[in-house]
$ cat upload-v1.tsv   # TSV, C-alpha atoms
chain	number	residue	atom	x	y	z
A	272	MET	CA	120.97	71.94	79.20
A	273	ALA	CA	121.30	72.34	82.95
A	274	LYS	CA	124.23	74.57	83.77
A	275	SER	CA	126.10	74.73	87.04
A	276	ILE	CA	125.51	77.58	89.47
A	277	THR	CA	128.92	79.04	88.70
A	278	GLN	CA	128.11	79.11	85.00
A	279	GLU	CA	124.83	80.88	85.68
A	280	PHE	CA	126.74	83.48	87.65
A	281	VAL	CA	129.65	83.95	85.27
A	282	LYS	CA	127.54	84.32	82.15
A	283	GLY	CA	126.24	87.65	83.41
A	284	LEU	CA	129.75	89.03	83.63
A	285	TRP	CA	130.72	88.53	80.00
A	286	ASP	CA	128.56	86.40	77.70
A	287	GLU	CA	125.33	88.11	78.65
A	288	ILE	CA	126.58	91.33	80.24
A	289	PRO	CA	123.40	93.39	79.97
A	290	PRO	CA	124.15	96.72	78.26
A	291	PHE	CA	126.82	95.37	75.93
A	292	ARG	CA	125.71	91.87	74.97
A	293	LEU	CA	121.97	91.92	75.53
A	294	VAL	CA	121.85	95.67	74.84
A	295	LEU	CA	119.08	95.97	77.42
A	296	GLY	CA	118.31	98.62	80.02
A	297	LEU	CA	119.99	101.38	78.04
A	298	CYS	CA	118.01	104.28	79.44
A	299	PRO	CA	119.78	104.40	82.84
A	300	VAL	CA	123.05	103.36	81.22
A	301	LEU	CA	123.03	106.48	79.07
A	302	ALA	CA	121.49	108.81	81.60
A	303	VAL	CA	123.21	108.22	84.94
A	304	THR	CA	126.79	107.44	83.91
A	305	LYS	CA	127.99	111.02	84.19
A	306	SER	CA	130.26	109.95	87.04
A	307	VAL	CA	131.61	106.75	88.55
A	308	GLU	CA	129.72	107.31	91.78
A	309	ASN	CA	126.35	107.58	90.04
A	310	GLY	CA	127.06	104.51	87.90
A	311	LEU	CA	128.07	102.44	90.90
A	312	GLY	CA	125.12	103.60	93.00
A	313	MET	CA	122.66	102.81	90.25
A	314	GLY	CA	124.32	99.42	89.73
A	315	VAL	CA	124.05	98.49	93.40
A	316	ALA	CA	120.37	99.48	93.44
A	317	VAL	CA	119.75	97.29	90.39
A	318	VAL	CA	121.63	94.31	91.92
A	319	PHE	CA	119.47	94.50	95.04
A	320	VAL	CA	116.19	94.73	93.13
A	321	LEU	CA	117.23	92.05	90.64
A	322	VAL	CA	118.29	89.50	93.24
A	323	CYS	CA	115.22	90.08	95.42
A	324	SER	CA	112.78	89.94	92.54
A	325	ASN	CA	114.48	86.85	91.08
A	326	ILE	CA	114.19	85.05	94.43
A	327	LEU	CA	110.52	85.93	94.83
A	328	VAL	CA	109.57	85.13	91.24
A	329	SER	CA	111.28	81.77	91.35
A	330	LEU	CA	109.71	80.93	94.73
A	331	LEU	CA	106.27	81.80	93.41
A	332	ARG	CA	106.75	80.38	89.93
A	333	ASN	CA	104.34	77.50	90.53
A	334	ILE	CA	101.68	79.73	92.04
A	335	ILE	CA	101.70	82.62	89.56
A	336	PRO	CA	99.26	81.83	86.72
A	337	SER	CA	101.00	82.30	83.39
A	338	LYS	CA	98.32	84.62	82.04
A	339	VAL	CA	98.97	87.29	84.68
A	340	ARG	CA	102.67	86.62	85.15
A	341	ILE	CA	103.81	89.97	83.72
A	342	ALA	CA	101.51	91.85	86.08
A	343	CYS	CA	102.82	89.80	89.01
A	344	PHE	CA	106.44	90.42	88.01
A	345	ILE	CA	105.81	94.15	87.81
A	346	VAL	CA	104.18	94.20	91.25
A	347	ILE	CA	107.17	92.36	92.73
A	348	ILE	CA	109.76	94.51	90.97
A	349	ALA	CA	107.93	97.75	91.78
A	350	THR	CA	107.79	96.79	95.45
A	351	PHE	CA	111.53	96.30	95.69
A	352	VAL	CA	112.23	99.44	93.70
A	353	ILE	CA	110.26	101.52	96.19
A	354	VAL	CA	112.10	99.76	99.01
A	355	VAL	CA	115.40	100.82	97.44
A	356	GLU	CA	114.12	104.34	96.88
A	357	LEU	CA	113.10	104.73	100.52
A	358	LEU	CA	116.35	103.24	101.81
A	359	MET	CA	118.41	105.48	99.55
A	360	GLN	CA	116.49	108.52	100.73
A	361	ALA	CA	117.08	107.52	104.33
A	362	TYR	CA	120.76	106.64	104.13
A	363	THR	CA	122.39	108.08	101.00
A	364	TYR	CA	120.43	111.25	100.38
A	365	PRO	CA	122.96	113.04	98.12
A	366	LEU	CA	123.11	110.03	95.81
A	367	PHE	CA	119.33	109.89	95.80
A	368	LEU	CA	119.22	113.53	94.70
A	369	LYS	CA	121.62	112.83	91.83
A	370	LEU	CA	119.94	109.68	90.54
A	371	GLY	CA	116.51	111.21	91.00
A	372	ILE	CA	113.90	109.89	88.62
A	373	PHE	CA	116.08	106.99	87.44
A	374	ILE	CA	115.56	105.05	90.67
A	375	PRO	CA	111.78	104.72	90.21
A	376	LEU	CA	112.43	104.03	86.53
A	377	ILE	CA	114.18	100.77	87.44
A	378	VAL	CA	110.63	99.38	87.47
A	379	VAL	CA	110.47	99.52	83.70
A	380	ASN	CA	114.05	98.42	83.15
A	381	CYS	CA	114.02	95.53	80.65
A	382	VAL	CA	116.88	93.78	82.42
A	383	LEU	CA	114.72	93.07	85.47
A	384	LEU	CA	111.58	92.01	83.68
A	385	GLY	CA	113.72	90.08	81.20
A	386	ARG	CA	115.43	88.06	83.91
A	387	ALA	CA	112.16	87.37	85.71
A	388	GLU	CA	110.50	86.22	82.50
A	389	ALA	CA	113.41	84.39	80.87
A	390	PHE	CA	115.09	82.87	83.88
A	391	ALA	CA	113.55	83.06	87.33
A	392	TYR	CA	110.11	81.91	86.14
A	393	LYS	CA	111.64	78.69	84.84
A	394	ASN	CA	114.41	77.92	87.32
A	395	GLY	CA	114.98	77.14	90.98
A	396	VAL	CA	115.77	79.64	93.71
A	397	ILE	CA	119.53	79.02	93.96
A	398	ALA	CA	120.04	79.26	90.22
A	399	SER	CA	117.93	82.41	90.13
A	400	ILE	CA	120.03	84.06	92.85
A	401	ALA	CA	123.19	83.21	90.91
A	402	ASP	CA	121.64	84.56	87.72
A	403	GLY	CA	120.46	87.75	89.42
A	404	LEU	CA	123.83	88.36	91.05
A	405	GLY	CA	125.72	87.68	87.83
A	406	ILE	CA	123.58	89.86	85.60
A	407	GLY	CA	123.35	92.54	88.27
A	408	ILE	CA	127.09	92.70	88.86
A	409	GLY	CA	127.65	92.69	85.10
A	410	PHE	CA	125.29	95.65	84.86
A	411	THR	CA	127.13	97.42	87.69
A	412	ILE	CA	130.52	96.83	86.06
A	413	SER	CA	129.24	98.22	82.75
A	414	LEU	CA	127.78	101.31	84.41
A	415	THR	CA	130.90	101.90	86.49
A	416	ALA	CA	133.21	101.45	83.50
A	417	LEU	CA	131.16	103.79	81.35
A	418	GLY	CA	130.88	106.25	84.23
A	419	ALA	CA	134.64	106.13	84.82
A	420	LEU	CA	135.41	106.74	81.14
A	421	ARG	CA	133.01	109.67	80.94
A	422	GLU	CA	134.01	111.19	84.24
A	423	VAL	CA	137.76	110.94	83.65
A	424	PHE	CA	137.61	112.61	80.25
A	425	GLY	CA	134.51	114.73	80.73
A	426	SER	CA	135.36	116.36	84.03
A	427	GLY	CA	138.92	115.21	84.66
A	428	THR	CA	138.04	113.50	87.93
A	429	PHE	CA	137.60	109.97	89.28
A	430	PHE	CA	135.19	109.58	92.23
A	431	GLY	CA	135.39	113.37	92.44
A	432	ILE	CA	139.20	113.37	92.82
A	433	SER	CA	141.14	115.24	90.18
A	434	VAL	CA	143.34	112.94	88.06
A	435	PHE	CA	144.97	115.25	85.54
A	436	GLY	CA	145.63	118.27	87.72
A	437	PRO	CA	144.24	121.78	87.30
A	438	SER	CA	145.75	122.40	83.85
A	439	PHE	CA	143.52	119.74	82.24
A	440	GLN	CA	140.82	121.16	80.00
A	441	PRO	CA	137.76	118.90	80.51
A	442	PHE	CA	136.33	117.27	77.42
A	443	THR	CA	132.81	118.42	78.33
A	444	PHE	CA	131.25	116.64	75.40
A	445	MET	CA	131.71	113.34	77.24
A	446	VAL	CA	129.39	114.23	80.11
A	447	GLU	CA	126.68	115.51	77.78
A	448	ALA	CA	124.04	113.17	76.36
A	449	PRO	CA	125.74	112.65	72.95
A	450	GLY	CA	128.95	111.64	74.74
A	451	ALA	CA	127.01	108.81	76.37
A	452	PHE	CA	125.98	107.42	72.99
A	453	VAL	CA	129.48	107.73	71.56
A	454	CYS	CA	131.06	106.06	74.60
A	455	LEU	CA	128.54	103.26	74.62
A	456	GLY	CA	129.05	102.71	70.89
A	457	LEU	CA	132.81	102.59	71.25
A	458	MET	CA	132.59	100.18	74.17
A	459	LEU	CA	130.18	97.93	72.27
A	460	CYS	CA	132.62	97.97	69.37
A	461	MET	CA	135.53	97.01	71.64
A	462	MET	CA	133.49	94.21	73.22
A	463	ASN	CA	132.63	92.82	69.80
A	464	LEU	CA	136.22	93.02	68.62
A	465	ALA	CA	137.38	91.21	71.75
A	466	GLY	CA	134.63	88.62	71.48
A	467	ASN	CA	135.18	87.80	67.80
A	468	LYS	CA	138.76	86.64	68.15
B	131	MET	CA	86.18	80.06	85.86
B	132	ARG	CA	88.62	78.48	88.30
B	133	GLU	CA	91.51	80.01	86.40
B	134	ILE	CA	90.07	83.49	86.66
B	135	ILE	CA	89.55	83.12	90.39
B	136	LYS	CA	93.10	81.90	90.81
B	137	MET	CA	94.44	84.89	88.87
B	138	ILE	CA	92.43	87.32	90.94
B	139	VAL	CA	93.44	85.70	94.21
B	140	VAL	CA	97.16	85.59	93.35
B	141	LEU	CA	97.29	89.19	92.19
B	142	THR	CA	95.28	90.43	95.15
B	143	VAL	CA	97.40	88.60	97.69
B	144	LEU	CA	100.60	89.74	96.01
B	145	SER	CA	99.49	93.36	95.86
B	146	SER	CA	98.30	93.48	99.45
B	147	PHE	CA	101.50	91.85	100.63
B	148	SER	CA	103.50	94.43	98.71
B	149	GLY	CA	101.38	97.25	100.10
B	150	GLY	CA	101.93	96.02	103.64
B	151	LEU	CA	105.67	95.70	103.18
B	152	LEU	CA	105.96	99.19	101.73
B	153	ALA	CA	103.87	100.72	104.48
B	154	ALA	CA	106.11	99.07	107.07
B	155	ILE	CA	109.32	100.29	105.44
B	156	ARG	CA	107.92	103.76	104.93
B	157	GLY	CA	107.00	103.93	108.58
B	158	GLY	CA	110.45	102.76	109.56
B	159	THR	CA	112.36	105.24	107.42
B	160	LYS	CA	110.10	108.27	107.74
B	161	GLU	CA	112.00	110.05	110.48
B	162	LYS	CA	115.35	109.28	108.94
B	163	ILE	CA	114.25	110.69	105.58
B	164	GLU	CA	112.88	113.83	107.18
B	165	TYR	CA	116.19	114.30	108.96
B	166	GLN	CA	118.18	113.79	105.75
B	167	GLN	CA	116.05	116.31	103.91
B	168	LEU	CA	116.61	118.83	106.66
B	169	VAL	CA	120.36	118.28	106.60
B	170	PHE	CA	120.78	118.62	102.86
B	171	VAL	CA	118.08	121.11	101.90
B	172	LYS	CA	117.69	123.45	104.84
B	173	GLY	CA	120.78	122.41	106.81
B	174	PRO	CA	123.25	124.83	105.21
B	175	ALA	CA	121.00	127.85	105.86
B	176	ILE	CA	120.23	126.80	109.43
B	177	ARG	CA	123.89	126.29	110.25
B	178	ASN	CA	124.76	129.60	108.68
B	179	ILE	CA	122.19	131.49	110.73
B	180	LEU	CA	122.94	129.74	114.01
B	181	GLU	CA	126.68	129.98	113.45
B	182	GLY	CA	128.67	129.36	116.59
B	183	CYS	CA	125.99	127.47	118.47
B	184	SER	CA	127.20	124.56	120.58
B	185	ASN	CA	124.47	122.05	119.70
B	186	ASP	CA	123.19	120.44	116.51
B	187	PRO	CA	120.11	122.53	115.62
B	188	ILE	CA	118.82	119.86	113.26
B	189	VAL	CA	118.61	117.33	116.08
B	190	ASP	CA	117.27	119.83	118.61
B	191	ARG	CA	114.08	120.77	116.87
B	192	PHE	CA	110.45	120.92	117.90
B	193	LYS	CA	107.13	121.40	116.22
B	194	ILE	CA	104.27	123.72	117.04
B	195	LYS	CA	100.80	123.50	115.60
B	196	ASP	CA	99.83	126.76	113.90
B	197	GLY	CA	96.23	126.36	112.75
B	198	ASP	CA	96.30	123.49	110.28
B	199	ILE	CA	100.04	123.57	109.71
B	200	GLU	CA	102.81	122.15	111.84
B	201	ARG	CA	105.85	124.39	111.88
B	202	SER	CA	109.36	123.23	112.71
B	203	PHE	CA	111.64	125.27	114.93
B	204	PHE	CA	115.37	124.69	115.23
B	205	VAL	CA	117.01	125.51	118.52
B	206	GLY	CA	120.39	127.16	118.81
B	207	VAL	CA	122.33	126.97	122.07
B	208	PHE	CA	124.70	129.89	122.72
B	209	ASP	CA	126.88	130.13	125.83
B	210	GLY	CA	125.05	127.16	127.33
B	211	LYS	CA	121.65	128.78	126.90
B	212	ALA	CA	119.01	127.72	124.41
B	213	ASN	CA	117.83	131.18	123.46
B	214	THR	CA	117.61	131.17	119.68
B	215	VAL	CA	115.22	129.62	117.21
B	216	ALA	CA	115.40	129.34	113.44
B	217	PHE	CA	112.26	128.73	111.43
B	218	GLU	CA	110.80	129.20	108.00
B	219	GLY	CA	108.93	132.00	106.29
B	220	VAL	CA	107.57	132.21	102.76
B	221	GLY	CA	107.42	135.15	100.37
B	222	LYS	CA	106.42	135.56	96.76
B	223	GLY	CA	109.35	136.22	94.43
B	224	PHE	CA	109.79	136.80	90.72
B	225	GLY	CA	109.72	133.14	89.72
B	226	GLY	CA	107.59	131.64	92.48
B	227	ASP	CA	107.70	131.15	96.21
B	228	ILE	CA	110.83	132.06	98.12
B	229	GLY	CA	111.42	129.92	101.18
B	230	LEU	CA	113.70	131.36	103.79
B	231	MET	CA	114.99	130.65	107.26
B	232	VAL	CA	115.02	133.31	109.92
B	233	GLY	CA	116.87	133.06	113.22
B	234	VAL	CA	115.43	134.99	116.15
B	235	SER	CA	116.86	135.45	119.60
B	236	ILE	CA	114.01	135.07	122.10
B	237	ASP	CA	115.73	137.13	124.79
B	238	ASP	CA	115.52	140.44	122.95
B	239	ASP	CA	113.27	139.52	119.98
B	240	LYS	CA	115.91	140.41	117.42
B	241	ILE	CA	116.70	138.74	114.12
B	242	ILE	CA	120.16	137.22	114.25
B	243	GLY	CA	120.29	136.04	110.67
B	244	MET	CA	118.35	135.21	107.53
B	245	GLY	CA	119.06	132.83	104.70
B	246	VAL	CA	117.11	131.87	101.57
B	247	THR	CA	116.61	128.10	101.22
B	248	THR	CA	114.38	127.42	98.21
B	249	HIS	CA	113.59	129.73	95.33
B	250	SER	CA	113.19	129.83	91.57
B	251	GLU	CA	114.60	133.29	90.84
B	252	THR	CA	116.57	134.43	87.79
B	253	PRO	CA	120.08	132.93	87.94
B	254	GLY	CA	122.73	135.58	88.50
B	255	ILE	CA	120.26	138.33	89.42
B	256	GLY	CA	117.54	137.16	91.79
B	257	THR	CA	119.72	134.32	93.09
B	258	LYS	CA	121.88	136.96	94.80
B	259	ALA	CA	119.23	136.96	97.52
B	260	LYS	CA	120.64	133.57	98.45
B	261	THR	CA	124.30	133.98	97.58
B	262	ASP	CA	125.12	137.59	98.43
B	263	PRO	CA	125.68	137.95	102.19
B	264	LYS	CA	125.56	141.76	101.82
B	265	PHE	CA	121.85	141.53	101.17
B	266	SER	CA	120.87	138.95	103.75
B	267	ASN	CA	123.05	140.52	106.47
B	268	GLN	CA	120.88	143.64	106.37
B	269	PHE	CA	118.28	141.76	108.37
B	270	LYS	CA	120.72	141.02	111.19
B	271	GLY	CA	119.92	142.84	114.39
B	272	LEU	CA	116.52	144.14	113.28
B	273	ALA	CA	113.76	143.93	115.81
B	274	VAL	CA	110.82	141.61	115.14
B	275	VAL	CA	108.19	144.34	114.91
B	276	GLU	CA	107.78	146.31	111.70
B	277	PRO	CA	106.85	144.88	108.37
B	278	TYR	CA	110.15	144.81	106.47
B	279	LYS	CA	110.29	146.83	103.27
B	280	ILE	CA	112.86	147.76	100.69
B	281	LYS	CA	113.88	151.43	100.37
B	282	PRO	CA	111.71	152.28	97.32
B	283	ASP	CA	108.70	151.06	99.30
B	284	GLY	CA	109.60	153.23	102.28
B	285	GLY	CA	111.51	150.65	104.28
B	286	GLY	CA	115.13	150.32	105.26
B	287	ILE	CA	116.40	147.39	103.21
B	288	ASP	CA	118.64	148.00	100.20
B	289	ALA	CA	117.20	146.02	97.29
B	290	ILE	CA	119.47	143.94	95.07
B	291	SER	CA	120.00	145.94	91.90
B	292	GLY	CA	117.89	144.54	89.07
B	293	ALA	CA	115.98	142.26	91.38
B	294	THR	CA	113.44	144.49	93.08
B	295	VAL	CA	110.70	141.89	92.95
B	296	THR	CA	112.92	139.27	94.52
B	297	SER	CA	114.07	141.66	97.24
B	298	ARG	CA	110.47	142.59	97.95
B	299	GLY	CA	109.61	138.87	98.09
B	300	VAL	CA	112.34	138.26	100.64
B	301	CYS	CA	111.03	141.15	102.75
B	302	VAL	CA	107.54	139.67	102.61
B	303	GLY	CA	109.01	136.32	103.64
B	304	VAL	CA	110.80	137.81	106.64
B	305	THR	CA	107.66	139.75	107.59
B	306	ASN	CA	105.74	136.49	107.34
B	307	ALA	CA	108.28	134.81	109.60
B	308	ALA	CA	108.03	137.71	112.07
B	309	GLU	CA	104.26	137.35	112.17
B	310	ILE	CA	104.60	133.63	112.87
B	311	TYR	CA	107.07	134.43	115.63
B	312	LYS	CA	104.81	137.00	117.25
B	313	ARG	CA	101.84	134.65	117.05
B	314	LEU	CA	103.63	131.64	118.49
B	315	LYS	CA	106.00	133.34	120.92
B	316	PRO	CA	104.39	131.91	124.10
B	317	GLN	CA	104.56	128.35	122.77
B	318	ILE	CA	108.12	128.83	121.52
B	319	ALA	CA	109.27	130.17	124.90
B	320	ASP	CA	107.52	127.26	126.55
B	321	LYS	CA	109.00	124.56	124.33
B	322	ILE	CA	112.50	125.93	124.28
B	323	LYS	CA	112.81	125.45	128.03
B	324	GLU	CA	113.14	121.72	127.43
B	325	PHE	CA	116.44	122.30	125.69
B	326	LYS	CA	118.17	124.17	128.47
$ encode --input "upload-v1.tsv" --output "structure tokens"
Amino acid sequence: MAKSITQEFVKGLWDEIPPFRLVLGLCPVLAVTKSVENGLGMGVAVVFVLVCSNILVSLLRNIIPSKVRIACFIVIIATFVIVVELLMQAYTYPLFLKLGIFIPLIVVNCVLLGRAEAFAYKNGVIASIADGLGIGIGFTISLTALGALREVFGSGTFFGISVFGPSFQPFTFMVEAPGAFVCLGLMLCMMNLAGNK
Amino acid sequence: MREIIKMIVVLTVLSSFSGGLLAAIRGGTKEKIEYQQLVFVKGPAIRNILEGCSNDPIVDRFKIKDGDIERSFFVGVFDGKANTVAFEGVGKGFGGDIGLMVGVSIDDDKIIGMGVTTHSETPGIGTKAKTDPKFSNQFKGLAVVEPYKIKPDGGGIDAISGATVTSRGVCVGVTNAAEIYKRLKPQIADKIKEFK
């Protein structure tokens, strides 16, 4: 059953890539992927919180009584989320303004609680770091890809730089909420097609 | 019983540790956050008012206690002399409070510029108070004495058409700023010497 560290890391990038395979943490996936920058920023914040909380949960796994484990996980996750929020405010204020409420909402993101409960609480520190990094980077890639797709077609830009020139008529639907669902659905469909070969 | 005690102890220790960590980080980032907020929220208006100054007014700022409130003043250096301050005033608009920045030259007590920073006015009509320089430029060069009023109220400011309430709110805000200036002038003159 024991997998190598590399396997723990790699699984997050494809086999268990959060929004597409586990279909977890969809709220930020749908809400913040209006542009590549937002997707990437959100992803980086999640990686940080996920790795830190995984480390702490796995270090404390023998101390935390199982009856109050969820409460303990939430305290740990919430702490790191506020850390990220403060750091973002201090160093990347424009990004903080754009992501807004979705930074504090990382606290209730299923991906984080899910990894703490399903992995870090049962495994050692090194494996938990690998797991956190893998899942986190997988989450970032998904958000960035979705953000890129929506930004390129929805506003005709990539990282704010115009790709199609001024004559392009933006496909505004893509940056609206329904566009997020359609894009996510299509990407899920592609992933399943690719995975079923 | 032992289990319950263990649960309580673990949760308490965890929570207090987390509280301590957050307090430390908050303390460490407080000034930085305040600076960022100034740059991105009030920065554009301050720079606009103190256009042509040779320093960074957001770095060169000081605070003065005014009753229970601490007010921030931003210093503008012109021709090597720190003789201008920009600070905030508040007026009541159509959709809520209008926050604005007023720049005053302390040599001759004249307004050198005014810019609206925060508001919740009707888009396209009341928002002109912020976007239309024709309106805000009317305050340039006025002396810090009279209460400012729009023409229908017997003053000298042309109101934005269709946005009388907003225009009146801006006038109240500038009057408010002028009152603050008059009240705190000695302290301002005192503090600004440090920047020369």
$ interface_residues --input "upload-v1.tsv" --of "chain A" --to "chain B" --cutoff "8 Å" --atoms "only C-alpha atoms" --output "list in words"
Ile334, Ile335, Pro336, Lys338, Val339, Ala342, Cys343, Val346, Ile347, Thr350, Ile353, Val354, Leu357, Leu358, Gln360, Ala361, Tyr362, Tyr364 and Pro365 of chain A
$ atom_distance --input "upload-v1.tsv" --atom1 "CA of Asn309 in chain A" --atom2 "CA of Pro253 in chain B"
26.2 Å
$ residues_around --input "upload-v1.tsv" --residues "range 293-296 of chain B" --least-positions-apart "5" --cutoff "10 Å" --atoms "all atoms listed in the file" --output "list of chain:residue names"
B:Gly221, B:Lys222, B:Gly223, B:Phe224, B:Gly225, B:Gly226, B:Asp227, B:Ile228, B:His249, B:Ser250, B:Glu251, B:Thr252, B:Gly254, B:Ile255, B:Gly256, B:Thr257, B:Lys258, B:Ala259, B:Ile280, B:Pro282, B:Asp288, B:Cys301, B:Val302
$ atom_distance --input "upload-v1.tsv" --atom1 "CA of Arg201 in chain B" --atom2 "CA of Tyr278 in chain B"
21.6 Å
$ residues_near_point --input "upload-v1.tsv" --point "(132.1, 101.2, 85.6)" --cutoff "12 Å" --atoms "all atoms listed in the file" --output "ChimeraX atom specification"
/A:290,300,303-315,408-423,429-430,455,458
$ residues_around --input "upload-v1.tsv" --residues "Thr247 in chain B" --least-positions-apart "3" --cutoff "8 Å" --atoms "only C-alpha atoms" --output "list in words"
Val171, Lys172, Ala175, Ile228, Gly229, Leu230, Met231 and Lys260 of chain B
$ atom_distance --input "upload-v1.tsv" --atom1 "CA of Ile400 in chain A" --atom2 "CA of Cys298 in chain A"
24.3 Å
$ closest_residue --input "upload-v1.tsv" --among "A:Phe351, A:Cys323, A:Phe367, A:Gly466" --to "Arg292 in chain A" --atoms "all atoms listed in the file"
A:Gly466
$ closest_residue --input "upload-v1.tsv" --among "A:Val281, A:Gly407, A:Phe344, A:Ala349" --to "Ala316 in chain A" --atoms "all atoms listed in the file"
A:Gly407
$ residues_around --input "upload-v1.tsv" --residues "Ile377 in chain A" --least-positions-apart "2" --cutoff "10 Å" --atoms "all atoms listed in the file" --output "ChimeraX atom specification"
/A:296,298-299,313,316-317,320-321,348-349,351-353,372-375,379-384
$ closest_residue --input "upload-v1.tsv" --among "A:Gln278, A:Thr363, A:Ser324, A:Ser329" --to "Asn394 in chain A" --atoms "all atoms listed in the file"
A:Ser329
$ build_atoms --input "upload-v1.tsv" --residues "range 185-206 of chain B" --atoms "N, CA and C atoms" --output "JSON list (two decimals), in the frame of the given file"
[["chain", "number", "residue", "atom", "x", "y", "z"],
["B", 185, "ASN", "N", 125.22, 123.31, 119.87],
["B", 185, "ASN", "CA", 124.47, 122.05, 119.70],
["B", 185, "ASN", "C", 124.25, 121.79, 118.21],
["B", 186, "ASP", "N", 123.55, 120.71, 117.89],
["B", 186, "ASP", "CA", 123.19, 120.44, 116.51],
["B", 186, "ASP", "C", 121.73, 120.86, 116.33],
["B", 187, "PRO", "N", 121.48, 122.01, 115.69],
["B", 187, "PRO", "CA", 120.11, 122.53, 115.62],
["B", 187, "PRO", "C", 119.15, 121.61, 114.86],
["B", 188, "ILE", "N", 119.72, 120.73, 114.03],
["B", 188, "ILE", "CA", 118.82, 119.86, 113.26],
["B", 188, "ILE", "C", 118.29, 118.73, 114.14],
["B", 189, "VAL", "N", 119.09, 118.35, 115.13],
["B", 189, "VAL", "CA", 118.61, 117.33, 116.08],
["B", 189, "VAL", "C", 117.66, 117.97, 117.09],
["B", 190, "ASP", "N", 118.08, 119.14, 117.60],
["B", 190, "ASP", "CA", 117.27, 119.83, 118.61],
["B", 190, "ASP", "C", 116.19, 120.67, 117.94],
["B", 191, "ARG", "N", 115.15, 120.00, 117.50],
["B", 191, "ARG", "CA", 114.08, 120.77, 116.87],
["B", 191, "ARG", "C", 112.76, 120.38, 117.50],
["B", 192, "PHE", "N", 111.77, 121.26, 117.40],
["B", 192, "PHE", "CA", 110.45, 120.92, 117.90],
["B", 192, "PHE", "C", 109.40, 121.47, 116.95],
["B", 193, "LYS", "N", 108.20, 120.98, 117.11],
["B", 193, "LYS", "CA", 107.13, 121.40, 116.22],
["B", 193, "LYS", "C", 106.02, 122.06, 117.02],
["B", 194, "ILE", "N", 105.41, 123.07, 116.41],
["B", 194, "ILE", "CA", 104.27, 123.72, 117.04],
["B", 194, "ILE", "C", 103.14, 123.76, 116.04],
["B", 195, "LYS", "N", 101.96, 123.44, 116.49],
["B", 195, "LYS", "CA", 100.80, 123.50, 115.60],
["B", 195, "LYS", "C", 100.36, 124.95, 115.45],
["B", 196, "ASP", "N", 100.26, 125.40, 114.17],
["B", 196, "ASP", "CA", 99.83, 126.76, 113.90],
["B", 196, "ASP", "C", 98.62, 126.65, 112.98],
["B", 197, "GLY", "N", 97.43, 126.61, 113.56],
["B", 197, "GLY", "CA", 96.23, 126.36, 112.75],
["B", 197, "GLY", "C", 96.29, 124.94, 112.22],
["B", 198, "ASP", "N", 96.27, 124.82, 110.88],
["B", 198, "ASP", "CA", 96.30, 123.49, 110.28],
["B", 198, "ASP", "C", 97.71, 123.00, 110.02],
["B", 199, "ILE", "N", 98.68, 123.93, 110.09],
["B", 199, "ILE", "CA", 100.04, 123.57, 109.71],
["B", 199, "ILE", "C", 100.89, 123.30, 110.94],
["B", 200, "GLU", "N", 101.83, 122.37, 110.79],
["B", 200, "GLU", "CA", 102.81, 122.15, 111.84],
["B", 200, "GLU", "C", 104.10, 122.83, 111.43],
["B", 201, "ARG", "N", 104.62, 123.71, 112.24],
["B", 201, "ARG", "CA", 105.85, 124.39, 111.88],
["B", 201, "ARG", "C", 107.01, 123.84, 112.70],
["B", 202, "SER", "N", 108.18, 123.72, 112.02],
["B", 202, "SER", "CA", 109.36, 123.23, 112.71],
["B", 202, "SER", "C", 110.21, 124.40, 113.18],
["B", 203, "PHE", "N", 110.73, 124.26, 114.39],
["B", 203, "PHE", "CA", 111.64, 125.27, 114.93],
["B", 203, "PHE", "C", 112.94, 124.60, 115.31],
["B", 204, "PHE", "N", 114.05, 125.24, 114.95],
["B", 204, "PHE", "CA", 115.37, 124.69, 115.23],
["B", 204, "PHE", "C", 116.02, 125.51, 116.32],
["B", 205, "VAL", "N", 116.51, 124.82, 117.33],
["B", 205, "VAL", "CA", 117.01, 125.51, 118.52],
["B", 205, "VAL", "C", 118.51, 125.70, 118.43],
["B", 206, "GLY", "N", 118.96, 126.89, 118.74],
["B", 206, "GLY", "CA", 120.39, 127.16, 118.81],
["B", 206, "GLY", "C", 120.79, 127.43, 120.24]]
